[in-house]
Structures are given as structure tokens and as C-alpha cells.
Amino acid sequence: MALLDLIGVSKAYEMKKILCEVDFSIQEGERVAIIGKNGGGKSTFMKICQGILAYDEGRRIVPQNIKVEMLDQVPTFEEGITVKEAVENQLTDLKSAKMEYDAISDKLATDFENDALLKRHAFLGTFLDTHHAWSLDDKVERVLQEFQLKIYEDKPVDLLSGGEQRRVALAGLLLKKPDILLLDEPTNHLDVYMVEFLEQMLLREKFTLLFISHDRYFLDHIATRSIEIDECKIRSFKGGYSEYIVAKEALMHSLQKSHETLLKVLKSEEEWLHRGVRARLKRNEGRKERVMQMREEAKKNPAAIRRMQVELEREQKNFNQQESTNRKKMLFDVEHISKSLGEKTLIKDFSMRILQRDTIAIVGKNGAGKSTLLKLLLGKMEVDSGVIKKGEFKVGYFDQQREMLDDDKDLLETFCPLGGDRVDVKGSSIHVYGYLKSFLFPKEDLNKKVGLLSGGEKNRVALALLFSKKYDCLILDEPTNDLDINTINILESYLQSFQGAVILVSHDRYFLDKIAKKLLIFKGEGVIEESYLSYSEYLDIEKELKAIDAFSKESQKSTLKESTRTTKRELKFSYKEKEAYEKLPIMIEALEAKIEALQDCIYKPECYEEKGLVALTKELQESEEKLEEMVEEYLLLDEKAQSCQG
């Protein structure tokens, strides 16, 4: 069932066309990712779908009672309310429905033939089922815990940081579960463990979702369909990001072939056109017009094809480039450093060396101390104990606040502060537009003030400014936040060709897998672990170790329980129950192994590309649901068994 339709919708800002007669539909249970460059119309499209932005032409059709809600980039809350109240305020409709359902249940105990009550009771039951709203208090506790908001639950929400406030708003929306949920960069300000919880919740609760994200693993895990906004039109692709790339490559080859055919036809028509008099006859004017149209298409196609080629080449570039220079030069020598903020220990007795060609990713939960380590290396903070020795070299720093930018300057002044229109890029003089063009800025933006740019555009300016200078070491704090995927591909290309050291903080798993050759993992309580695994490999192993630990603890409990039994009585089971009690543990173990294999496959492109991400996700969901049923059945039988034993 279609929950929302856009038919022939167009939107323009002054002379710039954003959407041109686009059609779009989202079905119940679909999770649709929006892909496109910054400024290409993604957020405009979302706002039109939400119904808060007027469009110039077309129709938006939403069935009655369907609620479409969006996570705001800058959420607002009632003044003075606490974090927990802010989350619970999103749930008033669900709580009212639950109270009414309970009240009607009590009435039906004595008035069980009342048709009106029965009908309302059934409606409320379906509503609560759809929104999984039977145990809201437990869900509130879980989401506060997983999004690291529990410690702030009694704190006024307006005292939290912008990222924390977004987590509060996201928590409330997830629990509220609108009919269509719109998310604009939901993984910003979430660490990898929060992202994993978000993924599980979106899949388990069967959300209907329209979202924008630069996190390519998140796109692959969540999206059932991807749409690309390009040149004010929409293209639709099945599946997530990996499938989008494959389909885009096929489209490029198709365009190439069509272009070659067009050139052959054009050559024939051009020969006809130059034959002379007949071309000037009125009856041939239509044919002449077609030739002119083909000329324009022939001019336009190579640019489109080349643009696709560049995007794909960036995306498909080898993840592990060979190092060609020696790594002997030492940049930082970190000796037994410790750092605490208040009573919280962030770094405890940590030592390491950072060399000339090291590419190091600093990862871990939010608040663990990752950005603090960057500031210690930069000299912006002092260590409590230990020492950081630094060689003679130049450091380029990219921070989340973009301190290197002045909102009052335009792009030309930013890159050419002494006047003129040329920028010095690592010793070469380049026209400023030629340089900024490689960062996807059109010529008309040169005179635009930095303060008028979007967050993503400001990040692009900051990165372009950073890469125009000559540095021996780059220190980057969350560089992919607010960037579109095209710009992240550009960033990856620059970093892969960079000859110095790169030290970065990021939660973007796909980005880190491509860039980082070494991990510093903040484990909590000041412990920092080093690893040369890819980030995805590290997370997979961490997940497996947690599962083994949980299994070991459960096994110990079972052994202890068994050893305390002194007498046993014969189980009072039916034949079927006895058979199920004996077989279910084996079946559960086999299904758990299958689920683990499916989860492992979802994290490996070579595996999920072969099976198909949509089919794989569906199989995983069904297996998890089946496991839940089997475990519940076994627990009931086990409870019965315990009651029959001394």
C-alpha cells in the first residue's frame, strides 16, 4: 500500500531548478535512501514529502490519518523539560491509546457483546501492535541507555550539546514510530554502537523510512531502495549503496552505447544537411530541428558519461594502496601519557609513536576521549602526566567547528586573501575556480559568503582550504559529517594520495575501512588498544567475543543450577512436549549459528552482493523471529520441567 505519492512535482529557487516533474511513491515497509550531491535537492525533496515545503507544480497525495514526521537537524524542545520528559512527550498518543485499551478491556469483562466497544478495542489493539507500544516504559529505558542519554535523563535538555539534543529527538521519534519516518543524516553524532542499535531497531520494528545518509554501510544495511536526485530528476535503484554503484555503472555503459549510436546517426544526418537546397525546403524543417537536437544531445552526453566515470573510479579505487616512501621519520613520540577530565579517566599510561606515513583512525564510544587525544597531539590541551615529543613538521587540522573559516568572507576572499583569482596549491598556482570545481563548487558560488553556505558546503570549503596547503601531517576530527557521498569520495582520493601522516576521528565504518591502516580503540576507563585490523573486521570480532562471553556466562548459570538439584521427578510432559524439550536446544543452536552467518554476510560486500541484500535482510529477520519463538517455547517447557523437579 502506498503511504505517500508525489506526482509531477517541480520546485525551483529563483532560477535554479531543483526538481523537474518528478514522480515518487513509497510503500508501507519500504526503506528508501536518497543519494545525491550537496545542494542537489535532497533536503528539499524530504521537506516536500513531509508536507512543510510548498512546491511549484504537481501533487502530493497522502492517505488520511497517515503521519509523516522528520528528525530536524536542529531540534527544538519545550523550555525547561528534562531529557526523559522530552522523549516521553513524543509518546502521549501511544500512552493514551494504551490507557483507553486497558479501560475497554475492563469493560468488556462484563459487557462482552458490546459491538462498539469490541470494534474500538480491536482498532486500538492494531494501533498498539503497529507501533510496538505494549511496553513503552521498558523501551524508553532501553533507548536512553543505548543512545547514552541515561546519565542525562533528569538534566534539562536545553543544556545538552547539539549532537546530544539530536539523539534525544531521534530517541523520541523512534519510539513514537510515525507511519513514515524521515531521517536526515541520522548517524551524525552517533558512535558505531549507537548506529548498530539504530539499524537493529529500524529493521526489527519494520519502519517505513525515507532517509539521507553518507554512511555507506548504513545505506547497505537499511535501504530496500535508493533514489538518486541528479540534474533535477529522480532515478530509482533496487537495494542499498553497493547495488546502486553496480546499477550506476550499467547505466553509464548504456549511455556510452547510446551516445555512440547517436554519433553514427548524427553523422549520417549531417551529411544530408550539407547536401544543399533540399535542406532549406519547408517540409524538411522538422528533420533539421531533429539534427539540431541530436547535436545538443551529443554535446551533453560525454559530460554526463565522464561525470559518472569519475564518480565510479573514485568509488572503486583500490582500498589498500601500496606505500612508496619510507616510514622512518618520526612525527610524534607519545610516552606514558594520562589525561582525566573531572573524575573521568580518558587516557591512562598510553604510549605510541606516529611515523611519517601512518594512517591512524581513532575510534570508540562518544565521550571516551578521542577528540581529547587529538587536542593533546595539537598542543591545545596539556597532559596530566607523561610527555608528547614532537618533531619539526607542519600539521593541518580539520575540526568539527570549522574554526579556519570566516563567515563574513566570500569564497574568493577565503582562498585569495591577498587579492587576485589564483590560489597556491602545494606550490602550483591554479585559478581558484579550477581548484574549487574539483570540490563540486559552481562558478557562481565564488562570490557567496561562507556564512550563507550549508553545513556540508562549509565542510567542503574547509577541506579544500586544508588540501591547498602543504602539510606533513593531517589531523581530522569527524571529517565526513554533513558531506555527501561524492565529496567523501573526493576526500578519500586526497587522503589516499597524501604523502604524510593522517590521524583521524570518525564513526564512518566504510570510510575508515578504505583509509585507515591502524586503529586506536578507546575501550573506556583510559584504556586504548591498538589494532591493524580493518574497522569492520575489528567490530565483527568484538561482536563474536561478546556473544561467546554471554554464552559462557549462561552456560555457567545452567551448570550451577544443575549441580544444586538434589532430587528429580519424572517430567509430566505429553509426548509432543517431551520431544520438543529434547530437540529445541539443538534446533536453537543451529538457528543461532545460521543467524551469526547471515549477520557476518551482511557486513561483507562479496557475500551480500551474491545473495542480494534485500533477500538476505529478509532471511535474517525471519530467522531472528523464528529464534525468538523457539526460545520462548523452550523457556515455557523448561519452567514446567523445573516445577516437576526437586
# chains A, B, ... in the order shown; residues from 1 in each chain; ligands from 1
call {"tool": "select_by_dssp", "arguments": {"residues": "stretch 354-499 of chain A", "states": "alpha helix (DSSP H)", "output": "PyMOL selection string"}}
result
chain A and resi 370-378+411-415+432-437+455-467+485-497
call {"tool": "closest_atom_pairs", "arguments": {"of": "stretch 464-555 of chain A", "to": "stretch 351-354 of chain A", "cutoff": "10 Å", "atoms": "only C-alpha atoms", "output": "Markdown table"}}
result
| residue | atom | partner | partner_atom | distance |
| --- | --- | --- | --- | --- |
| A:Cys473 | CA | A:Ile354 | CA | 9.9 |
| A:Ala501 | CA | A:Ile354 | CA | 7.8 |
| A:Val502 | CA | A:Ile354 | CA | 9.5 |
| A:Ile503 | CA | A:Ile354 | CA | 9.0 |
| A:Ile528 | CA | A:Ser351 | CA | 9.4 |
| A:Glu530 | CA | A:Met352 | CA | 9.3 |
call {"tool": "write_last_selection", "arguments": {"atoms": "all heavy atoms", "output": "compact mmCIF listing (two decimals), in the first residue's frame"}}
result
# COMPACT_ATOMS: atom_id res chain seq x y z
N CYS A 473 51.46 16.35 8.19
CA CYS A 473 50.53 15.54 8.97
C CYS A 473 49.16 16.21 8.96
O CYS A 473 49.06 17.43 9.13
CB CYS A 473 51.04 15.42 10.41
SG CYS A 473 49.93 14.55 11.53
N ALA A 501 51.42 11.81 7.26
CA ALA A 501 50.64 11.02 8.22
C ALA A 501 49.22 11.56 8.29
O ALA A 501 48.99 12.76 8.13
CB ALA A 501 51.29 11.06 9.59
N VAL A 502 48.27 10.66 8.53
CA VAL A 502 46.86 11.05 8.71
C VAL A 502 46.38 10.46 10.04
O VAL A 502 46.50 9.25 10.27
CB VAL A 502 45.96 10.53 7.57
CG1 VAL A 502 44.50 10.89 7.83
CG2 VAL A 502 46.42 11.09 6.22
N ILE A 503 45.85 11.32 10.91
CA ILE A 503 45.28 10.88 12.18
C ILE A 503 43.85 11.41 12.20
O ILE A 503 43.63 12.62 12.07
CB ILE A 503 46.07 11.45 13.38
CG1 ILE A 503 47.55 11.12 13.25
CG2 ILE A 503 45.51 10.91 14.69
CD1 ILE A 503 48.44 11.98 14.10
N ILE A 528 43.44 2.26 25.94
CA ILE A 528 43.49 2.42 24.48
C ILE A 528 44.18 1.21 23.89
O ILE A 528 45.30 0.87 24.26
CB ILE A 528 44.23 3.71 24.07
CG1 ILE A 528 43.59 4.94 24.71
CG2 ILE A 528 44.25 3.86 22.55
CD1 ILE A 528 44.35 6.23 24.48
N GLU A 530 45.55 -0.94 20.46
CA GLU A 530 45.99 -0.77 19.07
C GLU A 530 45.64 -2.01 18.25
O GLU A 530 45.71 -3.13 18.75
CB GLU A 530 47.51 -0.53 19.01
CG GLU A 530 47.94 0.77 19.66
CD GLU A 530 49.43 1.03 19.51
OE1 GLU A 530 49.93 0.86 18.37
OE2 GLU A 530 50.09 1.38 20.51
call {"tool": "atom_distance", "arguments": {"atom1": "atom CA of A:Asp508", "atom2": "atom CA of A:Leu436"}}
result
24.8 Å
call {"tool": "residues_around", "arguments": {"residues": "stretch 198-210 of chain A", "least_positions_apart": "5", "cutoff": "9 Å", "atoms": "only C-alpha atoms", "output": "ChimeraX atom specification"}}
result
/A:3,26-34,46,130-132,146,174,177-184,186-187,193,218,221-223,617,621
call {"tool": "residues_around", "arguments": {"residues": "A:Tyr241", "least_positions_apart": "2", "cutoff": "7 Å", "atoms": "only C-alpha atoms", "output": "count of residues only"}}
result
6
call {"tool": "select_by_dssp", "arguments": {"residues": "stretch 286-526 of chain A", "states": "strand (DSSP E or B)", "output": "JSON, numbers by chain"}}
result
{"A": [330, 331, 332, 333, 334, 335, 336, 337, 338, 339, 340, 341, 344, 345, 346, 347, 348, 349, 350, 351, 352, 353, 354, 355, 359, 360, 361, 362, 363, 364, 385, 386, 387, 388, 389, 390, 395, 396, 397, 398, 410, 422, 423, 424, 425, 428, 429, 430, 431, 449, 473, 474, 475, 476, 477, 501, 502, 503, 504, 505, 518, 519, 520, 521, 522, 523, 524]}
call {"tool": "residues_around", "arguments": {"residues": "A:Glu633", "least_positions_apart": "2", "cutoff": "12 Å", "atoms": "only C-alpha atoms", "output": "PDB file with N, CA, C and O atoms, in the first residue's frame"}}
result
ATOM      1  N   GLU A 577       5.423 -32.600  23.897  1.00  0.00           N
ATOM      2  CA  GLU A 577       6.199 -31.669  24.709  1.00  0.00           C
ATOM      3  C   GLU A 577       7.574 -32.257  25.037  1.00  0.00           C
ATOM      4  O   GLU A 577       8.588 -31.552  24.995  1.00  0.00           O
ATOM      5  N   ALA A 580       9.713 -32.028  21.947  1.00  0.00           N
ATOM      6  CA  ALA A 580      10.127 -30.640  21.707  1.00  0.00           C
ATOM      7  C   ALA A 580      11.199 -30.210  22.699  1.00  0.00           C
ATOM      8  O   ALA A 580      12.171 -29.540  22.342  1.00  0.00           O
ATOM      9  N   TYR A 581      11.048 -30.606  23.978  1.00  0.00           N
ATOM     10  CA  TYR A 581      12.001 -30.233  25.029  1.00  0.00           C
ATOM     11  C   TYR A 581      13.395 -30.794  24.736  1.00  0.00           C
ATOM     12  O   TYR A 581      14.412 -30.166  25.045  1.00  0.00           O
ATOM     13  N   LYS A 583      14.487 -31.668  21.558  1.00  0.00           N
ATOM     14  CA  LYS A 583      15.008 -31.240  20.249  1.00  0.00           C
ATOM     15  C   LYS A 583      15.271 -29.733  20.150  1.00  0.00           C
ATOM     16  O   LYS A 583      16.124 -29.292  19.387  1.00  0.00           O
ATOM     17  N   LEU A 584      14.500 -28.937  20.932  1.00  0.00           N
ATOM     18  CA  LEU A 584      14.605 -27.480  20.781  1.00  0.00           C
ATOM     19  C   LEU A 584      16.016 -26.932  21.023  1.00  0.00           C
ATOM     20  O   LEU A 584      16.470 -26.070  20.261  1.00  0.00           O
ATOM     21  N   PRO A 585      16.773 -27.381  22.062  1.00  0.00           N
ATOM     22  CA  PRO A 585      18.130 -26.830  22.244  1.00  0.00           C
ATOM     23  C   PRO A 585      19.025 -27.023  21.025  1.00  0.00           C
ATOM     24  O   PRO A 585      19.788 -26.130  20.655  1.00  0.00           O
ATOM     25  N   MET A 587      17.938 -27.373  17.879  1.00  0.00           N
ATOM     26  CA  MET A 587      17.410 -26.508  16.811  1.00  0.00           C
ATOM     27  C   MET A 587      17.791 -25.046  17.053  1.00  0.00           C
ATOM     28  O   MET A 587      18.134 -24.315  16.119  1.00  0.00           O
ATOM     29  N   ILE A 588      17.728 -24.630  18.340  1.00  0.00           N
ATOM     30  CA  ILE A 588      18.086 -23.246  18.682  1.00  0.00           C
ATOM     31  C   ILE A 588      19.555 -22.988  18.367  1.00  0.00           C
ATOM     32  O   ILE A 588      19.916 -21.962  17.783  1.00  0.00           O
ATOM     33  N   LYS A 626      11.928 -16.380  14.214  1.00  0.00           N
ATOM     34  CA  LYS A 626      11.768 -17.816  14.483  1.00  0.00           C
ATOM     35  C   LYS A 626      12.535 -18.209  15.743  1.00  0.00           C
ATOM     36  O   LYS A 626      12.037 -18.983  16.570  1.00  0.00           O
ATOM     37  N   LEU A 627      13.745 -17.661  15.898  1.00  0.00           N
ATOM     38  CA  LEU A 627      14.550 -17.957  17.086  1.00  0.00           C
ATOM     39  C   LEU A 627      13.833 -17.493  18.352  1.00  0.00           C
ATOM     40  O   LEU A 627      13.802 -18.209  19.361  1.00  0.00           O
ATOM     41  N   GLU A 628      13.248 -16.298  18.284  1.00  0.00           N
ATOM     42  CA  GLU A 628      12.517 -15.763  19.436  1.00  0.00           C
ATOM     43  C   GLU A 628      11.368 -16.696  19.833  1.00  0.00           C
ATOM     44  O   GLU A 628      11.159 -16.980  21.013  1.00  0.00           O
ATOM     45  N   GLU A 629      10.649 -17.185  18.842  1.00  0.00           N
ATOM     46  CA  GLU A 629       9.537 -18.110  19.105  1.00  0.00           C
ATOM     47  C   GLU A 629      10.044 -19.404  19.740  1.00  0.00           C
ATOM     48  O   GLU A 629       9.465 -19.910  20.706  1.00  0.00           O
ATOM     49  N   MET A 630      11.133 -19.958  19.183  1.00  0.00           N
ATOM     50  CA  MET A 630      11.672 -21.227  19.683  1.00  0.00           C
ATOM     51  C   MET A 630      12.190 -21.088  21.117  1.00  0.00           C
ATOM     52  O   MET A 630      11.970 -21.966  21.961  1.00  0.00           O
ATOM     53  N   VAL A 631      12.877 -19.971  21.398  1.00  0.00           N
ATOM     54  CA  VAL A 631      13.403 -19.747  22.748  1.00  0.00           C
ATOM     55  C   VAL A 631      12.256 -19.616  23.745  1.00  0.00           C
ATOM     56  O   VAL A 631      12.288 -20.181  24.845  1.00  0.00           O
ATOM     57  N   LEU A 635      11.633 -22.004  26.928  1.00  0.00           N
ATOM     58  CA  LEU A 635      11.586 -21.477  28.291  1.00  0.00           C
ATOM     59  C   LEU A 635      10.320 -21.907  29.029  1.00  0.00           C
ATOM     60  O   LEU A 635      10.355 -22.227  30.220  1.00  0.00           O
ATOM     61  N   LEU A 636       9.196 -21.930  28.305  1.00  0.00           N
ATOM     62  CA  LEU A 636       7.937 -22.390  28.906  1.00  0.00           C
ATOM     63  C   LEU A 636       8.037 -23.867  29.300  1.00  0.00           C
ATOM     64  O   LEU A 636       7.604 -24.266  30.390  1.00  0.00           O
ATOM     65  N   LEU A 637       8.608 -24.668  28.409  1.00  0.00           N
ATOM     66  CA  LEU A 637       8.772 -26.090  28.700  1.00  0.00           C
ATOM     67  C   LEU A 637       9.763 -26.302  29.852  1.00  0.00           C
ATOM     68  O   LEU A 637       9.561 -27.170  30.714  1.00  0.00           O
ATOM     69  N   ASP A 638      10.830 -25.477  29.868  1.00  0.00           N
ATOM     70  CA  ASP A 638      11.828 -25.610  30.918  1.00  0.00           C
ATOM     71  C   ASP A 638      11.243 -25.239  32.287  1.00  0.00           C
ATOM     72  O   ASP A 638      11.539 -25.864  33.303  1.00  0.00           O
ATOM     73  N   GLU A 639      10.384 -24.201  32.272  1.00  0.00           N
ATOM     74  CA  GLU A 639       9.708 -23.800  33.513  1.00  0.00           C
ATOM     75  C   GLU A 639       8.845 -24.945  34.047  1.00  0.00           C
ATOM     76  O   GLU A 639       8.807 -25.225  35.242  1.00  0.00           O
ATOM     77  N   LYS A 640       8.155 -25.620  33.123  1.00  0.00           N
ATOM     78  CA  LYS A 640       7.333 -26.767  33.506  1.00  0.00           C
ATOM     79  C   LYS A 640       8.215 -27.888  34.049  1.00  0.00           C
ATOM     80  O   LYS A 640       7.868 -28.565  35.028  1.00  0.00           O
TER      81      LYS A 640
END
call {"tool": "residues_around", "arguments": {"residues": "A:Ser531", "least_positions_apart": "5", "cutoff": "10 Å", "atoms": "only C-alpha atoms", "output": "PyMOL selection string"}}
result
chain A and resi 360-361+517-521+538
call {"tool": "write_last_selection", "arguments": {"atoms": "N, CA, C and O atoms", "output": "PDB file, in the first residue's frame"}}
result
ATOM      1  N   ILE A 360      46.113   6.592  10.808  1.00  0.00           N
ATOM      2  CA  ILE A 360      45.576   6.071  12.067  1.00  0.00           C
ATOM      3  C   ILE A 360      44.156   6.580  12.286  1.00  0.00           C
ATOM      4  O   ILE A 360      43.892   7.789  12.210  1.00  0.00           O
ATOM      5  N   ALA A 361      43.241   5.649  12.568  1.00  0.00           N
ATOM      6  CA  ALA A 361      41.870   6.010  12.924  1.00  0.00           C
ATOM      7  C   ALA A 361      41.684   5.830  14.421  1.00  0.00           C
ATOM      8  O   ALA A 361      42.057   4.802  14.986  1.00  0.00           O
ATOM      9  N   LYS A 517      44.981   2.383   8.217  1.00  0.00           N
ATOM     10  CA  LYS A 517      45.841   1.196   8.245  1.00  0.00           C
ATOM     11  C   LYS A 517      46.105   0.733   9.678  1.00  0.00           C
ATOM     12  O   LYS A 517      46.680  -0.315   9.905  1.00  0.00           O
ATOM     13  N   LYS A 518      45.670   1.563  10.636  1.00  0.00           N
ATOM     14  CA  LYS A 518      45.868   1.219  12.044  1.00  0.00           C
ATOM     15  C   LYS A 518      44.740   1.846  12.850  1.00  0.00           C
ATOM     16  O   LYS A 518      44.269   2.942  12.536  1.00  0.00           O
ATOM     17  N   LEU A 519      44.295   1.140  13.892  1.00  0.00           N
ATOM     18  CA  LEU A 519      43.232   1.629  14.764  1.00  0.00           C
ATOM     19  C   LEU A 519      43.771   1.890  16.164  1.00  0.00           C
ATOM     20  O   LEU A 519      44.572   1.117  16.682  1.00  0.00           O
ATOM     21  N   LEU A 520      43.306   2.995  16.758  1.00  0.00           N
ATOM     22  CA  LEU A 520      43.451   3.207  18.203  1.00  0.00           C
ATOM     23  C   LEU A 520      42.040   3.148  18.766  1.00  0.00           C
ATOM     24  O   LEU A 520      41.211   4.011  18.480  1.00  0.00           O
ATOM     25  N   ILE A 521      41.756   2.104  19.561  1.00  0.00           N
ATOM     26  CA  ILE A 521      40.398   1.879  20.048  1.00  0.00           C
ATOM     27  C   ILE A 521      40.303   2.307  21.505  1.00  0.00           C
ATOM     28  O   ILE A 521      41.003   1.763  22.371  1.00  0.00           O
ATOM     29  N   TYR A 538      37.429  -5.622  13.025  1.00  0.00           N
ATOM     30  CA  TYR A 538      37.524  -5.467  14.475  1.00  0.00           C
ATOM     31  C   TYR A 538      36.139  -5.563  15.122  1.00  0.00           C
ATOM     32  O   TYR A 538      35.962  -6.254  16.138  1.00  0.00           O
TER      33      TYR A 538
END
call {"tool": "atom_distance", "arguments": {"atom1": "atom CA of A:Asp399", "atom2": "atom CA of A:Gly41"}}
result
26.3 Å
